[in-house]
$ cat protein_35.cif   # mmCIF, C-alpha atoms
data_entry
loop_
_atom_site.group_PDB
_atom_site.id
_atom_site.type_symbol
_atom_site.label_atom_id
_atom_site.label_comp_id
_atom_site.auth_asym_id
_atom_site.auth_seq_id
_atom_site.Cartn_x
_atom_site.Cartn_y
_atom_site.Cartn_z
ATOM 1 C CA MET W 1 195.736 114.634 -179.798
ATOM 2 C CA SER W 2 194.977 111.700 -182.119
ATOM 3 C CA ARG W 3 192.611 109.087 -180.691
ATOM 4 C CA ASP W 4 190.358 106.195 -181.621
ATOM 5 C CA ILE W 5 186.931 107.462 -182.605
ATOM 6 C CA ASP W 6 184.045 105.848 -184.471
ATOM 7 C CA ALA W 7 180.851 107.713 -185.228
ATOM 8 C CA LEU W 8 179.435 104.501 -186.744
ATOM 9 C CA THR W 9 179.185 102.857 -183.312
ATOM 10 C CA SER W 10 177.917 105.637 -181.042
ATOM 11 C CA SER W 11 176.427 109.128 -181.076
ATOM 12 C CA THR W 12 178.793 110.171 -178.264
ATOM 13 C CA LEU W 13 182.482 109.790 -177.436
ATOM 14 C CA LYS W 14 182.504 106.679 -175.272
ATOM 15 C CA HIS W 15 185.323 105.195 -173.196
ATOM 16 C CA LEU W 16 187.248 108.464 -173.395
ATOM 17 C CA ARG W 17 189.271 107.770 -170.265
ATOM 18 C CA GLU W 18 190.148 104.132 -170.818
ATOM 19 C CA ARG W 19 191.068 104.339 -174.490
ATOM 20 C CA TRP W 20 192.355 107.870 -175.008
ATOM 21 C CA TRP W 21 194.064 108.998 -171.819
ATOM 22 C CA ASN W 22 197.781 109.716 -172.235
ATOM 23 C CA PRO W 23 200.647 111.248 -170.178
ATOM 24 C CA GLU W 24 200.111 114.664 -171.775
ATOM 25 C CA PHE W 25 196.511 114.748 -170.582
ATOM 26 C CA THR W 26 197.589 113.718 -167.080
ATOM 27 C CA GLU W 27 200.048 116.628 -167.079
ATOM 28 C CA PHE W 28 197.289 118.983 -168.257
ATOM 29 C CA LEU W 29 195.170 117.804 -165.343
ATOM 30 C CA ARG W 30 198.001 118.367 -162.876
ATOM 31 C CA GLU W 31 198.707 121.874 -164.199
ATOM 32 C CA THR W 32 195.032 122.782 -164.141
ATOM 33 C CA LEU W 33 194.098 121.470 -160.703
ATOM 34 C CA GLU W 34 197.389 122.548 -159.099
ATOM 35 C CA PRO W 35 197.255 119.845 -156.395
ATOM 36 C CA ARG W 36 199.154 120.582 -153.188
ATOM 37 C CA ALA W 37 200.014 118.468 -150.164
ATOM 38 C CA GLY W 38 197.010 117.751 -147.992
ATOM 39 C CA GLU W 39 194.408 118.757 -150.572
ATOM 40 C CA ARG W 40 191.340 116.703 -151.470
ATOM 41 C CA ILE W 41 190.492 116.174 -155.154
ATOM 42 C CA LEU W 42 187.209 114.717 -156.440
ATOM 43 C CA ASP W 43 186.940 112.814 -159.727
ATOM 44 C CA VAL W 44 183.289 112.717 -160.838
ATOM 45 C CA GLY W 45 182.503 109.812 -163.153
ATOM 46 C CA CYS W 46 185.782 108.074 -162.375
ATOM 47 C CA GLY W 47 185.010 104.936 -164.398
ATOM 48 C CA VAL W 48 187.647 102.282 -163.749
ATOM 49 C CA GLY W 49 189.957 104.790 -162.050
ATOM 50 C CA THR W 50 192.179 105.740 -164.998
ATOM 51 C CA ALA W 51 192.632 109.383 -163.970
ATOM 52 C CA ASP W 52 193.046 108.610 -160.287
ATOM 53 C CA VAL W 53 195.773 106.034 -160.893
ATOM 54 C CA ARG W 54 197.621 108.366 -163.274
ATOM 55 C CA LEU W 55 197.441 111.257 -160.807
ATOM 56 C CA GLY W 56 198.429 108.995 -157.937
ATOM 57 C CA GLN W 57 201.503 107.875 -159.830
ATOM 58 C CA LEU W 58 202.736 111.477 -160.006
ATOM 59 C CA GLY W 59 203.760 111.102 -156.371
ATOM 60 C CA ILE W 60 202.260 114.375 -155.149
ATOM 61 C CA SER W 61 202.731 114.158 -151.387
ATOM 62 C CA GLN W 62 199.636 113.638 -149.222
ATOM 63 C CA VAL W 63 197.067 114.545 -151.884
ATOM 64 C CA LYS W 64 193.817 112.724 -151.125
ATOM 65 C CA LEU W 65 192.025 111.469 -154.247
ATOM 66 C CA PHE W 66 188.366 110.450 -154.337
ATOM 67 C CA GLY W 67 186.418 109.026 -157.265
ATOM 68 C CA VAL W 68 182.697 108.430 -157.762
ATOM 69 C CA ASP W 69 180.851 106.643 -160.531
ATOM 70 C CA LEU W 70 177.222 105.635 -161.037
ATOM 71 C CA LEU W 71 178.053 102.037 -161.999
ATOM 72 C CA VAL W 72 179.107 99.782 -159.116
ATOM 73 C CA PRO W 73 181.083 97.288 -161.292
ATOM 74 C CA ARG W 74 183.245 100.131 -162.597
ATOM 75 C CA VAL W 75 183.862 101.371 -159.064
ATOM 76 C CA ARG W 76 185.012 97.889 -158.103
ATOM 77 C CA GLU W 77 187.429 97.889 -161.042
ATOM 78 C CA ALA W 78 188.729 101.278 -159.937
ATOM 79 C CA VAL W 79 189.338 99.995 -156.392
ATOM 80 C CA ALA W 80 191.203 96.954 -157.731
ATOM 81 C CA SER W 81 193.303 99.116 -160.067
ATOM 82 C CA ALA W 82 194.322 101.515 -157.274
ATOM 83 C CA ARG W 83 195.265 98.605 -155.022
ATOM 84 C CA ALA W 84 197.281 96.978 -157.799
ATOM 85 C CA HIS W 85 199.336 100.185 -158.033
ATOM 86 C CA ASN W 86 199.586 100.485 -154.233
ATOM 87 C CA LEU W 87 197.689 103.776 -154.211
ATOM 88 C CA GLN W 88 195.397 105.093 -151.507
ATOM 89 C CA VAL W 89 192.327 106.353 -153.364
ATOM 90 C CA GLY W 90 188.774 106.519 -152.060
ATOM 91 C CA PHE W 91 185.958 105.344 -154.340
ATOM 92 C CA ALA W 92 182.182 105.230 -154.052
ATOM 93 C CA ALA W 93 179.104 104.671 -156.195
ATOM 94 C CA ALA W 94 177.173 107.925 -156.540
ATOM 95 C CA ASP W 95 174.938 109.953 -158.842
ATOM 96 C CA VAL W 96 176.621 113.026 -160.334
ATOM 97 C CA CYS W 97 173.487 115.052 -159.583
ATOM 98 C CA LYS W 98 173.388 113.916 -155.937
ATOM 99 C CA LEU W 99 176.969 113.829 -154.711
ATOM 100 C CA PRO W 100 177.144 112.364 -151.173
ATOM 101 C CA PHE W 101 179.549 114.957 -149.765
ATOM 102 C CA LYS W 102 179.293 117.995 -147.521
ATOM 103 C CA ASN W 103 179.511 121.520 -148.867
ATOM 104 C CA HIS W 104 183.077 122.631 -149.662
ATOM 105 C CA ALA W 105 184.460 119.123 -149.065
ATOM 106 C CA PHE W 106 187.078 119.281 -151.857
ATOM 107 C CA ASP W 107 189.845 121.628 -152.904
ATOM 108 C CA SER W 108 189.175 120.844 -156.573
ATOM 109 C CA THR W 109 186.707 118.845 -158.639
ATOM 110 C CA PHE W 110 187.038 117.473 -162.145
ATOM 111 C CA CYS W 111 184.809 115.620 -164.581
ATOM 112 C CA VAL W 112 185.824 114.140 -167.963
ATOM 113 C CA ALA W 113 183.327 112.986 -170.626
ATOM 114 C CA VAL W 114 180.489 112.403 -168.176
ATOM 115 C CA LEU W 115 178.037 115.262 -168.689
ATOM 116 C CA GLN W 116 177.512 114.203 -172.314
ATOM 117 C CA HIS W 117 175.463 111.352 -170.792
ATOM 118 C CA ILE W 118 173.568 113.527 -168.263
ATOM 119 C CA ARG W 119 170.204 115.171 -168.912
ATOM 120 C CA GLU W 120 170.270 117.457 -165.862
ATOM 121 C CA LEU W 121 173.400 119.425 -166.738
ATOM 122 C CA SER W 122 172.586 122.359 -164.487
ATOM 123 C CA ALA W 123 172.002 120.080 -161.490
ATOM 124 C CA ALA W 124 175.354 118.375 -162.054
ATOM 125 C CA VAL W 125 177.322 121.640 -162.272
ATOM 126 C CA GLU W 126 175.482 122.917 -159.204
ATOM 127 C CA GLN W 127 176.837 119.889 -157.330
ATOM 128 C CA PHE W 128 180.385 120.603 -158.525
ATOM 129 C CA ALA W 129 180.071 124.136 -157.181
ATOM 130 C CA ARG W 130 178.593 122.964 -153.891
ATOM 131 C CA VAL W 131 181.288 120.417 -152.988
ATOM 132 C CA THR W 132 184.241 122.613 -154.073
ATOM 133 C CA LYS W 133 185.820 124.987 -151.559
ATOM 134 C CA PRO W 134 185.954 128.751 -152.150
ATOM 135 C CA GLY W 135 189.058 129.454 -154.200
ATOM 136 C CA GLY W 136 189.074 125.885 -155.555
ATOM 137 C CA ARG W 137 189.289 124.784 -159.176
ATOM 138 C CA VAL W 138 186.557 123.039 -161.191
ATOM 139 C CA LEU W 139 187.457 121.356 -164.479
ATOM 140 C CA VAL W 140 184.934 119.898 -166.919
ATOM 141 C CA VAL W 141 186.043 118.255 -170.180
ATOM 142 C CA GLU W 142 183.256 117.439 -172.645
ATOM 143 C CA PRO W 143 182.882 116.983 -176.418
ATOM 144 C CA ASP W 144 180.607 118.662 -178.912
ATOM 145 C CA ASN W 145 178.929 115.555 -180.305
ATOM 146 C CA ALA W 146 176.725 117.727 -182.504
ATOM 147 C CA ALA W 147 179.742 118.877 -184.530
ATOM 148 C CA ARG W 148 181.351 115.592 -185.539
ATOM 149 C CA TYR W 149 183.181 115.786 -188.844
ATOM 150 C CA TRP W 150 182.964 112.823 -191.215
ATOM 151 C CA TYR W 151 184.473 112.143 -194.632
ATOM 152 C CA SER W 152 184.667 108.957 -196.661
ATOM 153 C CA SER W 153 185.896 108.383 -200.194
ATOM 154 C CA SER W 154 183.095 105.822 -200.590
ATOM 155 C CA ASP W 155 179.723 107.127 -201.718
ATOM 156 C CA LEU W 156 178.059 104.889 -199.120
ATOM 157 C CA GLY W 157 180.116 106.420 -196.314
ATOM 158 C CA ALA W 158 177.873 109.454 -195.960
ATOM 159 C CA ARG W 159 174.801 107.217 -195.968
ATOM 160 C CA ALA W 160 176.289 105.002 -193.241
ATOM 161 C CA PHE W 161 177.148 108.043 -191.115
ATOM 162 C CA ASP W 162 173.611 109.446 -191.475
ATOM 163 C CA LEU W 163 171.991 106.140 -190.547
ATOM 164 C CA ALA W 164 174.338 105.644 -187.592
ATOM 165 C CA THR W 165 173.470 109.100 -186.250
ATOM 166 C CA ARG W 166 169.742 108.473 -186.660
ATOM 167 C CA PHE W 167 169.893 104.968 -185.202
ATOM 168 C CA PHE W 168 171.862 105.744 -182.045
ATOM 169 C CA THR W 169 169.887 108.933 -181.395
ATOM 170 C CA ALA W 170 166.621 107.013 -181.748
ATOM 171 C CA LEU W 171 168.004 104.261 -179.517
ATOM 172 C CA GLU W 172 168.657 106.795 -176.754
ATOM 173 C CA ARG W 173 165.145 108.197 -177.094
ATOM 174 C CA SER W 174 163.653 104.719 -176.883
ATOM 175 C CA GLY W 175 164.877 104.528 -173.293
ATOM 176 C CA GLY W 176 162.360 107.197 -172.327
ATOM 177 C CA GLY W 177 162.679 110.882 -171.560
ATOM 178 C CA ASP W 178 164.525 113.521 -173.488
ATOM 179 C CA THR W 179 167.861 112.917 -175.148
ATOM 180 C CA THR W 180 171.004 114.439 -173.699
ATOM 181 C CA ASP W 181 172.510 117.657 -175.041
ATOM 182 C CA ALA W 182 174.864 116.661 -177.862
ATOM 183 C CA ALA W 183 176.579 120.063 -177.867
ATOM 184 C CA VAL W 184 177.373 120.100 -174.153
ATOM 185 C CA GLY W 185 181.103 120.901 -174.527
ATOM 186 C CA PRO W 186 180.962 124.596 -175.492
ATOM 187 C CA LYS W 187 178.111 125.342 -173.053
ATOM 188 C CA ILE W 188 179.951 124.555 -169.827
ATOM 189 C CA SER W 189 181.287 128.076 -169.203
ATOM 190 C CA THR W 190 177.726 129.445 -169.225
ATOM 191 C CA LEU W 191 176.678 126.802 -166.697
ATOM 192 C CA PHE W 192 179.701 127.668 -164.559
ATOM 193 C CA GLU W 193 178.654 131.322 -164.365
ATOM 194 C CA ARG W 194 175.099 130.346 -163.510
ATOM 195 C CA HIS W 195 176.297 128.465 -160.439
ATOM 196 C CA GLY W 196 178.925 130.852 -159.146
ATOM 197 C CA ILE W 197 182.006 129.370 -160.788
ATOM 198 C CA GLU W 198 184.206 131.898 -162.584
ATOM 199 C CA PRO W 199 185.375 130.641 -166.012
ATOM 200 C CA VAL W 200 189.156 130.936 -166.222
ATOM 201 C CA GLU W 201 190.058 129.293 -169.526
ATOM 202 C CA ILE W 202 188.669 127.101 -172.290
ATOM 203 C CA ARG W 203 191.173 124.802 -173.944
ATOM 204 C CA LEU W 204 190.384 122.769 -177.053
ATOM 205 C CA PHE W 205 191.593 119.234 -177.712
ATOM 206 C CA PRO W 206 190.922 117.807 -181.196
ATOM 207 C CA VAL W 207 189.973 114.134 -181.233
ATOM 208 C CA SER W 208 190.422 112.547 -184.643
ATOM 209 C CA LEU W 209 191.104 109.438 -186.671
ATOM 210 C CA SER W 210 192.132 109.024 -190.303
ATOM 211 C CA ARG W 211 192.241 105.789 -192.261
ATOM 212 C CA LEU W 212 194.083 105.364 -195.534
ATOM 213 C CA GLY W 213 193.367 101.945 -196.950
ATOM 214 C CA ALA W 214 190.461 99.588 -196.294
ATOM 215 C CA PRO W 215 189.946 98.800 -192.571
ATOM 216 C CA ALA W 216 190.625 95.251 -191.442
ATOM 217 C CA PRO W 217 187.682 92.810 -191.254
ATOM 218 C CA ALA W 218 187.807 93.081 -187.442
ATOM 219 C CA VAL W 219 186.801 96.754 -187.693
ATOM 220 C CA TRP W 220 183.659 95.942 -189.653
ATOM 221 C CA LYS W 221 182.813 93.046 -187.336
ATOM 222 C CA ALA W 222 183.151 95.266 -184.285
ATOM 223 C CA ARG W 223 180.878 97.853 -185.875
ATOM 224 C CA LYS W 224 178.194 95.280 -186.666
ATOM 225 C CA ASP W 225 178.481 93.616 -183.249
ATOM 226 C CA ILE W 226 177.731 96.903 -181.506
ATOM 227 C CA VAL W 227 174.665 97.535 -183.672
ATOM 228 C CA CYS W 228 173.425 93.971 -183.308
ATOM 229 C CA GLY W 229 174.060 94.089 -179.572
ATOM 230 C CA ALA W 230 171.316 96.669 -179.207
ATOM 231 C CA ILE W 231 168.662 94.116 -180.166
ATOM 232 C CA ASP W 232 167.444 93.505 -176.608
ATOM 233 C CA ARG W 233 166.824 97.199 -176.085
ATOM 234 C CA ILE W 234 164.736 97.644 -179.210
ATOM 235 C CA GLN W 235 160.951 97.263 -178.960
ATOM 236 C CA ASP W 236 159.799 99.773 -181.556
ATOM 237 C CA ASP W 237 159.195 98.350 -185.049
ATOM 238 C CA ALA W 238 160.373 101.542 -186.752
ATOM 239 C CA LEU W 239 163.650 101.372 -184.837
ATOM 240 C CA LYS W 240 164.078 97.722 -185.803
ATOM 241 C CA GLN W 241 163.618 98.668 -189.441
ATOM 242 C CA LEU W 242 166.123 101.495 -189.099
ATOM 243 C CA ARG W 243 168.654 99.105 -187.607
ATOM 244 C CA ALA W 244 168.101 96.585 -190.409
ATOM 245 C CA GLU W 245 168.630 99.298 -193.024
ATOM 246 C CA TYR W 246 171.765 100.509 -191.250
ATOM 247 C CA LEU W 247 173.220 96.993 -191.156
ATOM 248 C CA ARG W 248 172.560 96.537 -194.878
ATOM 249 C CA VAL W 249 174.294 99.811 -195.720
ATOM 250 C CA LEU W 250 177.157 98.989 -193.348
ATOM 251 C CA ASP W 251 177.723 95.680 -195.151
ATOM 252 C CA ALA W 252 177.671 97.386 -198.544
ATOM 253 C CA TYR W 253 179.984 100.130 -197.266
ATOM 254 C CA GLY W 254 182.468 97.506 -196.102
ATOM 255 C CA GLU W 255 182.360 95.823 -199.508
ATOM 256 C CA GLN W 256 183.039 99.131 -201.257
ATOM 257 C CA ALA W 257 185.977 99.770 -198.938
ATOM 258 C CA ALA W 258 187.433 96.342 -199.685
ATOM 259 C CA VAL W 259 187.183 96.934 -203.432
ATOM 260 C CA ALA W 260 188.839 100.355 -203.090
ATOM 261 C CA GLY W 261 191.707 98.856 -201.092
ATOM 262 C CA GLN W 262 194.492 101.409 -200.557
ATOM 263 C CA ARG W 263 192.414 104.077 -202.308
ATOM 264 C CA PHE W 264 189.882 104.030 -199.467
ATOM 265 C CA VAL W 265 189.877 107.065 -197.142
ATOM 266 C CA GLU W 266 187.892 107.640 -193.936
ATOM 267 C CA ILE W 267 188.347 110.695 -191.681
ATOM 268 C CA GLN W 268 186.558 111.454 -188.418
ATOM 269 C CA SER W 269 187.018 114.340 -186.017
ATOM 270 C CA THR W 270 185.394 116.181 -183.150
ATOM 271 C CA MET W 271 186.488 118.533 -180.392
ATOM 272 C CA LEU W 272 186.875 118.279 -176.634
ATOM 273 C CA PHE W 273 186.234 121.485 -174.662
ATOM 274 C CA ALA W 274 188.215 121.638 -171.429
ATOM 275 C CA THR W 275 186.567 124.382 -169.368
ATOM 276 C CA ILE W 276 188.516 125.531 -166.331
ATOM 277 C CA GLY W 277 186.674 127.417 -163.596
ATOM 278 C CA GLN W 278 187.363 128.695 -160.113
ATOM 279 C CA LYS W 279 185.155 129.234 -157.098
ATOM 280 C CA PRO W 280 185.515 132.820 -155.804
ATOM 281 C CA ALA W 281 187.613 132.984 -152.647
ATOM 282 C CA ALA W 282 185.723 133.513 -149.399
ATOM 283 C CA HIS W 283 185.810 137.040 -147.996
#

$ encode --input "protein_35.cif" --output "C-alpha cells"
Amino acid sequence: MSRDIDALTSSTLKHLRERWWNPEFTEFLRETLEPRAGERILDVGCGVGTADVRLGQLGISQVKLFGVDLLVPRVREAVASARAHNLQVGFAAADVCKLPFKNHAFDSTFCVAVLQHIRELSAAVEQFARVTKPGGRVLVVEPDNAARYWYSSSDLGARAFDLATRFFTALERSGGGDTTDAAVGPKISTLFERHGIEPVEIRLFPVSLSRLGAPAPAVWKARKDIVCGAIDRIQDDALKQLRAEYLRVLDAYGEQAAVAGQRFVEIQSTMLFATIGQKPAAH
C-alpha cells in the first residue's frame, strides 16, 4: 500500500481517509465487518464520509450506515457527499469518548486513524464496546507514529526530520495537557481485551513514499506553508525559535535537493495496525 506521507509536515498521519483510501481498503473493510442486510454499522471519526460513501456504493442491501465526527463542517461535507451519490447515510457531530447511542446499538463499529488524535484511548475503546452488539465486530486502524522511518541522501535531511518531529510535538503540547500516544497502533489489542472485546486478528498495512530526484518547488512551498500556518497558535518564545530554525534548515535542505537533482533520494515509511476484534456472543 503506497501512499502520500510527509513527516516534515506533521507528527501524525493526517488525512488518511481522504488521501489514501483505495478500493482494496474498502474491500478489506467489507470482509472484516461482514455486513449483512438490515445491520447497522457505525463509522467513528467519519470525516467527510469517504468510508461511508465507498461502503454504500458496494450495494449491500438494507445495510444502515452511520457516521460521527467531532467537527461539524466535516459532518456537513459528509452529508453532502452521501446525497451527491444518492446514498442514505446518517451523520452526526459527536465526541468519540461520548458516543450518543444506546448500548448495543450497532452490529459493528469501525474507526480509522482517529485514536492517534485522542488522549483518552481507554475511554474511546470502552465506547466502541458499549455501542456494539454481542457477537459484533469492532475494527480499529491506527498507525505507530513513534516508529516512522526516514532516509534522505542529503546530510540536512536528518536534521530537517529531527526538527520537524520536535516542532510538531512541541506544538501539540503548547495546546495544553498531555500529548497523545504516538505508538497507539500496536496497543489496540490490549485495550480491546481490557474492555471485553476479543482480539481476532492484527493486519499490517505499510504506508510509504519514495522520491528519486529533487521534489518540485510546490512540495517545498507546501511544507513551508504548513509550518508558517502554525504562527497563530504559537505563543511560546522557545517554540517560535524552534520554528525559525526549522524553516532555515528546510530552506537549506531544499537547496541541497535542487543541487543534487536526480541524485536526490528521500524515503519515508510507517505502519498501520488494523486490529480486528469481536464482542463475545450473549449467552

$ atom_distance --input "protein_35.cif" --atom1 "atom CA of Phe106 of chain W" --atom2 "atom CA of Glu34 of chain W"
13.0 Å

$ resolve_selection --input "protein_35.cif" --expression "the PyMOL selection byres ((chain W and resi 273) around 12)" --output "ChimeraX atom specification"
/W:111-113,115-116,139-145,183-189,201-207,270-272,274-276

$ resolve_selection --input "protein_35.cif" --expression "the PyMOL selection byres ((chain W and resi 239-247) around 10)" --output "MDAnalysis selection string"
chainID W and resid 8 159:164 166:168 170:171 174 223:224 227:228 230:231 234:238 248:253

$ atom_distance --input "protein_35.cif" --atom1 "atom CA of Asp181 of chain W" --atom2 "atom CA of Ser10 of chain W"
14.5 Å

$ residues_around --input "protein_35.cif" --residues "segment 96-101 of chain W" --least-positions-apart "2" --cutoff "10 Å" --atoms "all atoms listed in the file" --output "PyMOL selection string"
chain W and resi 44-45+68-70+92-94+103-106+111+114-115+118-128+130-132

$ atom_distance --input "protein_35.cif" --atom1 "atom CA of Glu255 of chain W" --atom2 "atom CA of Thr169 of chain W"
25.6 Å

$ residues_around --input "protein_35.cif" --residues "Ser81 of chain W" --least-positions-apart "2" --cutoff "8 Å" --atoms "all atoms listed in the file" --output "list in words"
Val48, Gly49, Val53, Glu77, Ala78, Val79, Arg83, Ala84 and His85 of chain W

$ residues_around --input "protein_35.cif" --residues "Pro23 of chain W" --least-positions-apart "2" --cutoff "12 Å" --atoms "only C-alpha atoms" --output "mmCIF file with C-alpha atoms, keeping the file's coordinate frame"
data_model
loop_
_atom_site.group_PDB
_atom_site.id
_atom_site.type_symbol
_atom_site.label_atom_id
_atom_site.label_comp_id
_atom_site.auth_asym_id
_atom_site.auth_seq_id
_atom_site.Cartn_x
_atom_site.Cartn_y
_atom_site.Cartn_z
ATOM 1 C CA MET W 1 195.736 114.634 -179.798
ATOM 2 C CA ARG W 17 189.271 107.770 -170.265
ATOM 3 C CA TRP W 20 192.355 107.870 -175.008
ATOM 4 C CA TRP W 21 194.064 108.998 -171.819
ATOM 5 C CA PHE W 25 196.511 114.748 -170.582
ATOM 6 C CA THR W 26 197.589 113.718 -167.080
ATOM 7 C CA GLU W 27 200.048 116.628 -167.079
ATOM 8 C CA PHE W 28 197.289 118.983 -168.257
ATOM 9 C CA LEU W 29 195.170 117.804 -165.343
ATOM 10 C CA ARG W 30 198.001 118.367 -162.876
ATOM 11 C CA THR W 50 192.179 105.740 -164.998
ATOM 12 C CA ALA W 51 192.632 109.383 -163.970
ATOM 13 C CA VAL W 53 195.773 106.034 -160.893
ATOM 14 C CA ARG W 54 197.621 108.366 -163.274
ATOM 15 C CA LEU W 55 197.441 111.257 -160.807
ATOM 16 C CA GLN W 57 201.503 107.875 -159.830
ATOM 17 C CA LEU W 58 202.736 111.477 -160.006
#

$ resolve_selection --input "protein_35.cif" --expression "the PyMOL selection byres ((chain W and resi 39-42) around 6)" --output "JSON, numbers by chain"
{"W": [36, 37, 38, 43, 63, 64, 65, 66, 67, 106, 107, 108, 109]}

$ write_last_selection --input "protein_35.cif" --atoms "C-alpha atoms" --output "PDB file, in the coordinates of the input"
ATOM      1  CA  ARG W  36     199.154 120.582-153.188  1.00  0.00           C
ATOM      2  CA  ALA W  37     200.014 118.468-150.164  1.00  0.00           C
ATOM      3  CA  GLY W  38     197.010 117.751-147.992  1.00  0.00           C
ATOM      4  CA  ASP W  43     186.940 112.814-159.727  1.00  0.00           C
ATOM      5  CA  VAL W  63     197.067 114.545-151.884  1.00  0.00           C
ATOM      6  CA  LYS W  64     193.817 112.724-151.125  1.00  0.00           C
ATOM      7  CA  LEU W  65     192.025 111.469-154.247  1.00  0.00           C
ATOM      8  CA  PHE W  66     188.366 110.450-154.337  1.00  0.00           C
ATOM      9  CA  GLY W  67     186.418 109.026-157.265  1.00  0.00           C
ATOM     10  CA  PHE W 106     187.078 119.281-151.857  1.00  0.00           C
ATOM     11  CA  ASP W 107     189.845 121.628-152.904  1.00  0.00           C
ATOM     12  CA  SER W 108     189.175 120.844-156.573  1.00  0.00           C
ATOM     13  CA  THR W 109     186.707 118.845-158.639  1.00  0.00           C
TER      14      THR W 109
END

$ closest_residue --input "protein_35.cif" --among "W:Leu33, W:Ala7, W:Val259, W:Leu71" --to "Ala214 of chain W" --atoms "only C-alpha atoms"
W:Val259

$ closest_residue --input "protein_35.cif" --among "W:Asn86, W:Ser269, W:Thr165, W:Ser208" --to "Tyr149 of chain W" --atoms "only C-alpha atoms"
W:Ser269

$ residues_around --input "protein_35.cif" --residues "Pro217 of chain W" --least-positions-apart "5" --cutoff "10 Å" --atoms "only C-alpha atoms" --output "JSON, numbers by chain"
{"W": [222, 254, 258]}

$ closest_residue --input "protein_35.cif" --among "W:Ala146, W:Leu156, W:Ala257, W:Ile197" --to "Ala216 of chain W" --atoms "all atoms listed in the file"
W:Ala257
